[in-house]
Amino acid sequence: MNTNYRKQLIQFLCDISDPGEMQAALDIILTDKEHEDVDKRLQIFQQLETHVPQREVSANLGVGIATVTRGAKAMRTDSYRNLEQRLLHCRTQFKG
């Protein structure tokens with residue numbers, strides 16, 4: 001993987017402060033399927049945070065157990081812990 005492109009992407013996204021502009025940026029970067037995958041990942045986090053069993057999360061969201069397990073593994077990282085409060089804040093700001 002070329003990390004230079006990842007650095008460019010990160011800088012590109014960090015330079016955007018307008019929500020509409022961010023939506024447009026994500027729309028040109030991500031396919032509809034990728035948007036759905038990100039939505040599912042966030043739902044996995046939310047359900048696991050409320051202690052829903054992994055198999056139940058899998059059934060609720062129509063994703064494989066391996067997908068839920070990867071989400072659970074991501075939640076055990078320092079990166080997730082560092083961003084957890086930001087995720088919770090966004091969730092309360094945009095219920096639904």
# chains A, B, ... in the order shown; residues from 1 in each chain; ligands from 1
$ residues_around --residues "range 76-87 of chain A" --least-positions-apart "6" --cutoff "10 Å" --atoms "only C-alpha atoms" --output "tab-separated table (two decimals) with N, CA, C and O atoms, in the first residue's frame"
chain	number	residue	atom	x	y	z
A	42	LEU	N	-20.11	1.24	12.20
A	42	LEU	CA	-20.52	2.12	13.30
A	42	LEU	C	-21.66	1.49	14.10
A	42	LEU	O	-21.70	1.60	15.33
A	45	PHE	N	-20.16	-1.18	16.35
A	45	PHE	CA	-19.58	-0.56	17.55
A	45	PHE	C	-20.67	-0.24	18.55
A	45	PHE	O	-20.55	-0.56	19.74
A	46	GLN	N	-21.73	0.39	18.08
A	46	GLN	CA	-22.80	0.82	18.99
A	46	GLN	C	-23.43	-0.38	19.70
A	46	GLN	O	-23.64	-0.35	20.91
A	93	GLN	N	-25.52	13.48	19.07
A	93	GLN	CA	-25.87	14.64	18.27
A	93	GLN	C	-26.77	14.26	17.10
A	93	GLN	O	-27.64	15.02	16.68
$ residues_around --residues "Glu49 in chain A" --least-positions-apart "6" --cutoff "10 Å" --atoms "only C-alpha atoms" --output "compact mmCIF listing (two decimals) with all heavy atoms, in the first residue's frame"
# COMPACT_ATOMS: atom_id res chain seq x y z
N GLN A 43 -22.57 0.80 13.42
CA GLN A 43 -23.66 0.10 14.12
C GLN A 43 -23.13 -1.07 14.95
O GLN A 43 -23.62 -1.33 16.05
CB GLN A 43 -24.70 -0.39 13.12
CG GLN A 43 -25.48 0.73 12.46
CD GLN A 43 -26.42 0.21 11.41
OE1 GLN A 43 -27.38 -0.50 11.72
NE2 GLN A 43 -26.15 0.54 10.15
N ALA A 72 -15.13 -5.83 16.92
CA ALA A 72 -14.81 -5.99 18.35
C ALA A 72 -13.31 -5.85 18.58
O ALA A 72 -12.88 -5.22 19.55
CB ALA A 72 -15.30 -7.34 18.85
N MET A 75 -12.29 -2.28 18.51
CA MET A 75 -12.68 -1.57 19.73
C MET A 75 -11.67 -1.75 20.86
O MET A 75 -11.66 -0.97 21.81
CB MET A 75 -14.06 -2.04 20.20
CG MET A 75 -15.17 -1.61 19.28
SD MET A 75 -16.77 -2.30 19.75
CE MET A 75 -17.11 -1.37 21.25
$ residues_around --residues "Pro53 in chain A" --least-positions-apart "4" --cutoff "12 Å" --atoms "only C-alpha atoms" --output "PDB file with N, CA, C and O atoms, in the first residue's frame"
ATOM      1  N   ILE A  44     -22.117  -1.751  14.410  1.00  0.00           N
ATOM      2  CA  ILE A  44     -21.480  -2.830  15.171  1.00  0.00           C
ATOM      3  C   ILE A  44     -20.895  -2.276  16.452  1.00  0.00           C
ATOM      4  O   ILE A  44     -21.110  -2.819  17.544  1.00  0.00           O
ATOM      5  N   PHE A  45     -20.156  -1.179  16.351  1.00  0.00           N
ATOM      6  CA  PHE A  45     -19.581  -0.557  17.545  1.00  0.00           C
ATOM      7  C   PHE A  45     -20.674  -0.241  18.551  1.00  0.00           C
ATOM      8  O   PHE A  45     -20.554  -0.557  19.740  1.00  0.00           O
ATOM      9  N   GLN A  46     -21.734   0.394  18.083  1.00  0.00           N
ATOM     10  CA  GLN A  46     -22.803   0.816  18.991  1.00  0.00           C
ATOM     11  C   GLN A  46     -23.435  -0.382  19.702  1.00  0.00           C
ATOM     12  O   GLN A  46     -23.642  -0.345  20.912  1.00  0.00           O
ATOM     13  N   GLN A  47     -23.715  -1.446  18.960  1.00  0.00           N
ATOM     14  CA  GLN A  47     -24.347  -2.599  19.591  1.00  0.00           C
ATOM     15  C   GLN A  47     -23.392  -3.302  20.551  1.00  0.00           C
ATOM     16  O   GLN A  47     -23.797  -3.721  21.641  1.00  0.00           O
ATOM     17  N   LEU A  48     -22.135  -3.429  20.167  1.00  0.00           N
ATOM     18  CA  LEU A  48     -21.168  -4.076  21.063  1.00  0.00           C
ATOM     19  C   LEU A  48     -20.949  -3.258  22.326  1.00  0.00           C
ATOM     20  O   LEU A  48     -20.759  -3.819  23.409  1.00  0.00           O
ATOM     21  N   GLU A  49     -20.990  -1.931  22.208  1.00  0.00           N
ATOM     22  CA  GLU A  49     -20.838  -1.078  23.389  1.00  0.00           C
ATOM     23  C   GLU A  49     -21.958  -1.309  24.393  1.00  0.00           C
ATOM     24  O   GLU A  49     -21.769  -1.117  25.587  1.00  0.00           O
ATOM     25  N   VAL A  57     -25.509  -9.404  17.113  1.00  0.00           N
ATOM     26  CA  VAL A  57     -25.153  -8.254  16.275  1.00  0.00           C
ATOM     27  C   VAL A  57     -25.106  -8.697  14.817  1.00  0.00           C
ATOM     28  O   VAL A  57     -25.644  -8.026  13.928  1.00  0.00           O
ATOM     29  N   SER A  58     -24.484  -9.841  14.577  1.00  0.00           N
ATOM     30  CA  SER A  58     -24.383 -10.391  13.228  1.00  0.00           C
ATOM     31  C   SER A  58     -25.772 -10.575  12.612  1.00  0.00           C
ATOM     32  O   SER A  58     -26.027 -10.169  11.470  1.00  0.00           O
ATOM     33  N   ALA A  59     -26.671 -11.154  13.374  1.00  0.00           N
ATOM     34  CA  ALA A  59     -28.035 -11.387  12.889  1.00  0.00           C
ATOM     35  C   ALA A  59     -28.788 -10.074  12.705  1.00  0.00           C
ATOM     36  O   ALA A  59     -29.494  -9.883  11.709  1.00  0.00           O
ATOM     37  N   ASN A  60     -28.656  -9.168  13.669  1.00  0.00           N
ATOM     38  CA  ASN A  60     -29.355  -7.879  13.605  1.00  0.00           C
ATOM     39  C   ASN A  60     -28.993  -7.088  12.360  1.00  0.00           C
ATOM     40  O   ASN A  60     -29.852  -6.430  11.762  1.00  0.00           O
ATOM     41  N   ILE A  65     -20.259 -13.103  11.096  1.00  0.00           N
ATOM     42  CA  ILE A  65     -19.677 -13.055  12.442  1.00  0.00           C
ATOM     43  C   ILE A  65     -18.244 -12.542  12.388  1.00  0.00           C
ATOM     44  O   ILE A  65     -17.791 -11.845  13.306  1.00  0.00           O
ATOM     45  N   VAL A  68     -18.234  -8.802  12.568  1.00  0.00           N
ATOM     46  CA  VAL A  68     -18.489  -8.322  13.936  1.00  0.00           C
ATOM     47  C   VAL A  68     -17.238  -8.522  14.791  1.00  0.00           C
ATOM     48  O   VAL A  68     -16.861  -7.641  15.570  1.00  0.00           O
ATOM     49  N   THR A  69     -16.579  -9.653  14.631  1.00  0.00           N
ATOM     50  CA  THR A  69     -15.358  -9.929  15.389  1.00  0.00           C
ATOM     51  C   THR A  69     -14.273  -8.909  15.067  1.00  0.00           C
ATOM     52  O   THR A  69     -13.563  -8.442  15.960  1.00  0.00           O
ATOM     53  N   ALA A  72     -15.128  -5.832  16.922  1.00  0.00           N
ATOM     54  CA  ALA A  72     -14.812  -5.987  18.349  1.00  0.00           C
ATOM     55  C   ALA A  72     -13.310  -5.847  18.576  1.00  0.00           C
ATOM     56  O   ALA A  72     -12.878  -5.225  19.555  1.00  0.00           O
TER      57      ALA A  72
END
$ atom_distance --atom1 "CA of Ser17 in chain A" --atom2 "CA of Asp32 in chain A"
22.6 Å
$ closest_residue --among "A:Asn4, A:Gly64, A:His89, A:Leu13" --to "Arg41 in chain A" --atoms "only C-alpha atoms"
A:Gly64
$ atom_distance --atom1 "CA of Cys90 in chain A" --atom2 "CA of Thr3 in chain A"
28.1 Å
$ atom_distance --atom1 "CA of Lys73 in chain A" --atom2 "CA of Asp37 in chain A"
16.3 Å
$ closest_residue --among "A:Lys40, A:Lys95, A:Pro19, A:Ala25" --to "Arg70 in chain A" --atoms "only C-alpha atoms"
A:Lys40
$ select_by_dssp --residues "chain A" --states "helix (DSSP H, G or I)" --output "VMD selection string"
chain A and resid 3 to 14 19 to 29 32 to 49 54 to 61 65 to 75 78 to 93
$ residues_around --residues "Ile29 in chain A" --least-positions-apart "6" --cutoff "12 Å" --atoms "only C-alpha atoms" --output "PyMOL selection string"
chain A and resi 9+12-13+22-23+35
$ write_last_selection --atoms "all heavy atoms" --output "PDB file, in the first residue's frame"
ATOM      1  N   LEU A   9      -4.950  11.648   1.563  1.00  0.00           N
ATOM      2  CA  LEU A   9      -6.363  11.525   1.914  1.00  0.00           C
ATOM      3  C   LEU A   9      -6.631  12.136   3.287  1.00  0.00           C
ATOM      4  O   LEU A   9      -7.592  12.890   3.470  1.00  0.00           O
ATOM      5  CB  LEU A   9      -6.801  10.058   1.901  1.00  0.00           C
ATOM      6  CG  LEU A   9      -8.210   9.778   2.424  1.00  0.00           C
ATOM      7  CD1 LEU A   9      -9.256  10.464   1.554  1.00  0.00           C
ATOM      8  CD2 LEU A   9      -8.456   8.282   2.498  1.00  0.00           C
ATOM      9  N   PHE A  12      -6.449  15.857   3.020  1.00  0.00           N
ATOM     10  CA  PHE A  12      -7.623  16.313   2.278  1.00  0.00           C
ATOM     11  C   PHE A  12      -8.843  16.387   3.193  1.00  0.00           C
ATOM     12  O   PHE A  12      -9.549  17.398   3.246  1.00  0.00           O
ATOM     13  CB  PHE A  12      -7.864  15.371   1.096  1.00  0.00           C
ATOM     14  CG  PHE A  12      -9.143  15.602   0.345  1.00  0.00           C
ATOM     15  CD1 PHE A  12      -9.346  16.747  -0.397  1.00  0.00           C
ATOM     16  CD2 PHE A  12     -10.146  14.635   0.351  1.00  0.00           C
ATOM     17  CE1 PHE A  12     -10.527  16.945  -1.106  1.00  0.00           C
ATOM     18  CE2 PHE A  12     -11.323  14.819  -0.351  1.00  0.00           C
ATOM     19  CZ  PHE A  12     -11.514  15.977  -1.087  1.00  0.00           C
ATOM     20  N   LEU A  13      -9.090  15.326   3.949  1.00  0.00           N
ATOM     21  CA  LEU A  13     -10.252  15.285   4.836  1.00  0.00           C
ATOM     22  C   LEU A  13     -10.110  16.244   6.015  1.00  0.00           C
ATOM     23  O   LEU A  13     -11.081  16.870   6.424  1.00  0.00           O
ATOM     24  CB  LEU A  13     -10.496  13.854   5.322  1.00  0.00           C
ATOM     25  CG  LEU A  13     -10.901  12.850   4.239  1.00  0.00           C
ATOM     26  CD1 LEU A  13     -10.992  11.452   4.816  1.00  0.00           C
ATOM     27  CD2 LEU A  13     -12.198  13.258   3.548  1.00  0.00           C
ATOM     28  N   MET A  22     -17.849  17.814   3.358  1.00  0.00           N
ATOM     29  CA  MET A  22     -17.367  16.498   3.778  1.00  0.00           C
ATOM     30  C   MET A  22     -18.210  15.404   3.152  1.00  0.00           C
ATOM     31  O   MET A  22     -17.686  14.392   2.687  1.00  0.00           O
ATOM     32  CB  MET A  22     -17.383  16.368   5.305  1.00  0.00           C
ATOM     33  CG  MET A  22     -16.895  15.020   5.806  1.00  0.00           C
ATOM     34  SD  MET A  22     -15.183  14.628   5.371  1.00  0.00           S
ATOM     35  CE  MET A  22     -14.321  15.664   6.532  1.00  0.00           C
ATOM     36  N   GLN A  23     -19.522  15.598   3.120  1.00  0.00           N
ATOM     37  CA  GLN A  23     -20.407  14.613   2.480  1.00  0.00           C
ATOM     38  C   GLN A  23     -20.039  14.442   1.019  1.00  0.00           C
ATOM     39  O   GLN A  23     -19.933  13.323   0.516  1.00  0.00           O
ATOM     40  CB  GLN A  23     -21.875  15.031   2.608  1.00  0.00           C
ATOM     41  CG  GLN A  23     -22.842  14.071   1.957  1.00  0.00           C
ATOM     42  CD  GLN A  23     -22.877  12.730   2.642  1.00  0.00           C
ATOM     43  OE1 GLN A  23     -23.042  12.652   3.842  1.00  0.00           O
ATOM     44  NE2 GLN A  23     -22.711  11.658   1.889  1.00  0.00           N
ATOM     45  N   HIS A  35     -19.941   3.034   1.658  1.00  0.00           N
ATOM     46  CA  HIS A  35     -20.744   3.821   2.613  1.00  0.00           C
ATOM     47  C   HIS A  35     -21.526   2.876   3.523  1.00  0.00           C
ATOM     48  O   HIS A  35     -21.577   3.070   4.747  1.00  0.00           O
ATOM     49  CB  HIS A  35     -21.735   4.736   1.879  1.00  0.00           C
ATOM     50  CG  HIS A  35     -21.194   6.043   1.440  1.00  0.00           C
ATOM     51  ND1 HIS A  35     -20.902   7.069   2.308  1.00  0.00           N
ATOM     52  CD2 HIS A  35     -20.899   6.506   0.204  1.00  0.00           C
ATOM     53  CE1 HIS A  35     -20.469   8.102   1.638  1.00  0.00           C
ATOM     54  NE2 HIS A  35     -20.444   7.790   0.346  1.00  0.00           N
TER      55      HIS A  35
END
$ decode --residues "range 9-25 of chain A" --atoms "all heavy atoms" --output "PDB file, in the first residue's frame"
ATOM      1  N   LEU A   9      -4.950  11.648   1.563  1.00  0.00           N
ATOM      2  CA  LEU A   9      -6.363  11.525   1.914  1.00  0.00           C
ATOM      3  C   LEU A   9      -6.631  12.136   3.287  1.00  0.00           C
ATOM      4  O   LEU A   9      -7.592  12.890   3.470  1.00  0.00           O
ATOM      5  CB  LEU A   9      -6.801  10.058   1.901  1.00  0.00           C
ATOM      6  CG  LEU A   9      -8.210   9.778   2.424  1.00  0.00           C
ATOM      7  CD1 LEU A   9      -9.256  10.464   1.554  1.00  0.00           C
ATOM      8  CD2 LEU A   9      -8.456   8.282   2.498  1.00  0.00           C
ATOM      9  N   ILE A  10      -5.789  11.812   4.241  1.00  0.00           N
ATOM     10  CA  ILE A  10      -5.963  12.339   5.596  1.00  0.00           C
ATOM     11  C   ILE A  10      -5.904  13.866   5.579  1.00  0.00           C
ATOM     12  O   ILE A  10      -6.752  14.544   6.177  1.00  0.00           O
ATOM     13  CB  ILE A  10      -4.918  11.739   6.552  1.00  0.00           C
ATOM     14  CG1 ILE A  10      -5.221  10.255   6.764  1.00  0.00           C
ATOM     15  CG2 ILE A  10      -4.877  12.492   7.882  1.00  0.00           C
ATOM     16  CD1 ILE A  10      -4.106   9.482   7.430  1.00  0.00           C
ATOM     17  N   GLN A  11      -4.927  14.412   4.884  1.00  0.00           N
ATOM     18  CA  GLN A  11      -4.816  15.874   4.815  1.00  0.00           C
ATOM     19  C   GLN A  11      -6.027  16.482   4.118  1.00  0.00           C
ATOM     20  O   GLN A  11      -6.577  17.487   4.564  1.00  0.00           O
ATOM     21  CB  GLN A  11      -3.525  16.291   4.102  1.00  0.00           C
ATOM     22  CG  GLN A  11      -3.274  17.785   4.153  1.00  0.00           C
ATOM     23  CD  GLN A  11      -3.159  18.297   5.580  1.00  0.00           C
ATOM     24  OE1 GLN A  11      -2.356  17.808   6.354  1.00  0.00           O
ATOM     25  NE2 GLN A  11      -3.984  19.263   5.939  1.00  0.00           N
ATOM     26  N   PHE A  12      -6.449  15.857   3.020  1.00  0.00           N
ATOM     27  CA  PHE A  12      -7.623  16.313   2.278  1.00  0.00           C
ATOM     28  C   PHE A  12      -8.843  16.387   3.193  1.00  0.00           C
ATOM     29  O   PHE A  12      -9.549  17.398   3.246  1.00  0.00           O
ATOM     30  CB  PHE A  12      -7.864  15.371   1.096  1.00  0.00           C
ATOM     31  CG  PHE A  12      -9.143  15.602   0.345  1.00  0.00           C
ATOM     32  CD1 PHE A  12      -9.346  16.747  -0.397  1.00  0.00           C
ATOM     33  CD2 PHE A  12     -10.146  14.635   0.351  1.00  0.00           C
ATOM     34  CE1 PHE A  12     -10.527  16.945  -1.106  1.00  0.00           C
ATOM     35  CE2 PHE A  12     -11.323  14.819  -0.351  1.00  0.00           C
ATOM     36  CZ  PHE A  12     -11.514  15.977  -1.087  1.00  0.00           C
ATOM     37  N   LEU A  13      -9.090  15.326   3.949  1.00  0.00           N
ATOM     38  CA  LEU A  13     -10.252  15.285   4.836  1.00  0.00           C
ATOM     39  C   LEU A  13     -10.110  16.244   6.015  1.00  0.00           C
ATOM     40  O   LEU A  13     -11.081  16.870   6.424  1.00  0.00           O
ATOM     41  CB  LEU A  13     -10.496  13.854   5.322  1.00  0.00           C
ATOM     42  CG  LEU A  13     -10.901  12.850   4.239  1.00  0.00           C
ATOM     43  CD1 LEU A  13     -10.992  11.452   4.816  1.00  0.00           C
ATOM     44  CD2 LEU A  13     -12.198  13.258   3.548  1.00  0.00           C
ATOM     45  N   CYS A  14      -8.904  16.371   6.539  1.00  0.00           N
ATOM     46  CA  CYS A  14      -8.681  17.281   7.666  1.00  0.00           C
ATOM     47  C   CYS A  14      -8.893  18.740   7.287  1.00  0.00           C
ATOM     48  O   CYS A  14      -9.245  19.557   8.137  1.00  0.00           O
ATOM     49  CB  CYS A  14      -7.273  17.096   8.237  1.00  0.00           C
ATOM     50  SG  CYS A  14      -7.094  15.611   9.225  1.00  0.00           S
ATOM     51  N   ASP A  15      -8.692  19.054   6.025  1.00  0.00           N
ATOM     52  CA  ASP A  15      -8.859  20.430   5.562  1.00  0.00           C
ATOM     53  C   ASP A  15     -10.327  20.818   5.380  1.00  0.00           C
ATOM     54  O   ASP A  15     -10.631  21.979   5.129  1.00  0.00           O
ATOM     55  CB  ASP A  15      -8.114  20.641   4.236  1.00  0.00           C
ATOM     56  CG  ASP A  15      -6.607  20.675   4.409  1.00  0.00           C
ATOM     57  OD1 ASP A  15      -6.133  20.828   5.555  1.00  0.00           O
ATOM     58  OD2 ASP A  15      -5.896  20.531   3.387  1.00  0.00           O
ATOM     59  N   ILE A  16     -11.234  19.868   5.506  1.00  0.00           N
ATOM     60  CA  ILE A  16     -12.664  20.128   5.303  1.00  0.00           C
ATOM     61  C   ILE A  16     -13.344  20.353   6.647  1.00  0.00           C
ATOM     62  O   ILE A  16     -13.272  19.515   7.534  1.00  0.00           O
ATOM     63  CB  ILE A  16     -13.330  18.945   4.570  1.00  0.00           C
ATOM     64  CG1 ILE A  16     -12.696  18.760   3.190  1.00  0.00           C
ATOM     65  CG2 ILE A  16     -14.841  19.168   4.456  1.00  0.00           C
ATOM     66  CD1 ILE A  16     -13.152  17.501   2.474  1.00  0.00           C
ATOM     67  N   SER A  17     -14.001  21.502   6.783  1.00  0.00           N
ATOM     68  CA  SER A  17     -14.730  21.770   8.027  1.00  0.00           C
ATOM     69  C   SER A  17     -16.241  21.850   7.798  1.00  0.00           C
ATOM     70  O   SER A  17     -17.008  21.753   8.751  1.00  0.00           O
ATOM     71  CB  SER A  17     -14.236  23.069   8.668  1.00  0.00           C
ATOM     72  OG  SER A  17     -14.425  24.149   7.775  1.00  0.00           O
ATOM     73  N   ASP A  18     -16.659  21.994   6.567  1.00  0.00           N
ATOM     74  CA  ASP A  18     -18.081  22.106   6.251  1.00  0.00           C
ATOM     75  C   ASP A  18     -18.698  20.713   6.071  1.00  0.00           C
ATOM     76  O   ASP A  18     -18.198  19.915   5.277  1.00  0.00           O
ATOM     77  CB  ASP A  18     -18.247  22.914   4.953  1.00  0.00           C
ATOM     78  CG  ASP A  18     -19.691  23.020   4.535  1.00  0.00           C
ATOM     79  OD1 ASP A  18     -20.440  23.742   5.203  1.00  0.00           O
ATOM     80  OD2 ASP A  18     -20.069  22.343   3.544  1.00  0.00           O
ATOM     81  N   PRO A  19     -19.783  20.405   6.813  1.00  0.00           N
ATOM     82  CA  PRO A  19     -20.396  19.078   6.702  1.00  0.00           C
ATOM     83  C   PRO A  19     -20.850  18.728   5.284  1.00  0.00           C
ATOM     84  O   PRO A  19     -20.695  17.582   4.846  1.00  0.00           O
ATOM     85  CB  PRO A  19     -21.589  19.144   7.661  1.00  0.00           C
ATOM     86  CG  PRO A  19     -21.211  20.187   8.656  1.00  0.00           C
ATOM     87  CD  PRO A  19     -20.411  21.199   7.876  1.00  0.00           C
ATOM     88  N   GLY A  20     -21.395  19.680   4.553  1.00  0.00           N
ATOM     89  CA  GLY A  20     -21.829  19.417   3.187  1.00  0.00           C
ATOM     90  C   GLY A  20     -20.660  19.086   2.284  1.00  0.00           C
ATOM     91  O   GLY A  20     -20.741  18.192   1.424  1.00  0.00           O
ATOM     92  N   GLU A  21     -19.571  19.802   2.487  1.00  0.00           N
ATOM     93  CA  GLU A  21     -18.366  19.538   1.711  1.00  0.00           C
ATOM     94  C   GLU A  21     -17.780  18.168   2.076  1.00  0.00           C
ATOM     95  O   GLU A  21     -17.294  17.438   1.201  1.00  0.00           O
ATOM     96  CB  GLU A  21     -17.345  20.644   1.979  1.00  0.00           C
ATOM     97  CG  GLU A  21     -16.294  20.795   0.935  1.00  0.00           C
ATOM     98  CD  GLU A  21     -15.397  22.003   1.184  1.00  0.00           C
ATOM     99  OE1 GLU A  21     -15.912  23.078   1.534  1.00  0.00           O
ATOM    100  OE2 GLU A  21     -14.171  21.836   1.033  1.00  0.00           O
ATOM    101  N   MET A  22     -17.849  17.814   3.358  1.00  0.00           N
ATOM    102  CA  MET A  22     -17.367  16.498   3.778  1.00  0.00           C
ATOM    103  C   MET A  22     -18.210  15.404   3.152  1.00  0.00           C
ATOM    104  O   MET A  22     -17.686  14.392   2.687  1.00  0.00           O
ATOM    105  CB  MET A  22     -17.383  16.368   5.305  1.00  0.00           C
ATOM    106  CG  MET A  22     -16.895  15.020   5.806  1.00  0.00           C
ATOM    107  SD  MET A  22     -15.183  14.628   5.371  1.00  0.00           S
ATOM    108  CE  MET A  22     -14.321  15.664   6.532  1.00  0.00           C
ATOM    109  N   GLN A  23     -19.522  15.598   3.120  1.00  0.00           N
ATOM    110  CA  GLN A  23     -20.407  14.613   2.480  1.00  0.00           C
ATOM    111  C   GLN A  23     -20.039  14.442   1.019  1.00  0.00           C
ATOM    112  O   GLN A  23     -19.933  13.323   0.516  1.00  0.00           O
ATOM    113  CB  GLN A  23     -21.875  15.031   2.608  1.00  0.00           C
ATOM    114  CG  GLN A  23     -22.842  14.071   1.957  1.00  0.00           C
ATOM    115  CD  GLN A  23     -22.877  12.730   2.642  1.00  0.00           C
ATOM    116  OE1 GLN A  23     -23.042  12.652   3.842  1.00  0.00           O
ATOM    117  NE2 GLN A  23     -22.711  11.658   1.889  1.00  0.00           N
ATOM    118  N   ALA A  24     -19.809  15.561   0.329  1.00  0.00           N
ATOM    119  CA  ALA A  24     -19.425  15.496  -1.088  1.00  0.00           C
ATOM    120  C   ALA A  24     -18.092  14.765  -1.249  1.00  0.00           C
ATOM    121  O   ALA A  24     -17.934  13.948  -2.165  1.00  0.00           O
ATOM    122  CB  ALA A  24     -19.342  16.904  -1.667  1.00  0.00           C
ATOM    123  N   ALA A  25     -17.151  15.034  -0.366  1.00  0.00           N
ATOM    124  CA  ALA A  25     -15.842  14.375  -0.442  1.00  0.00           C
ATOM    125  C   ALA A  25     -15.994  12.871  -0.253  1.00  0.00           C
ATOM    126  O   ALA A  25     -15.430  12.081  -1.012  1.00  0.00           O
ATOM    127  CB  ALA A  25     -14.896  14.960   0.607  1.00  0.00           C
TER     128      ALA A  25
END
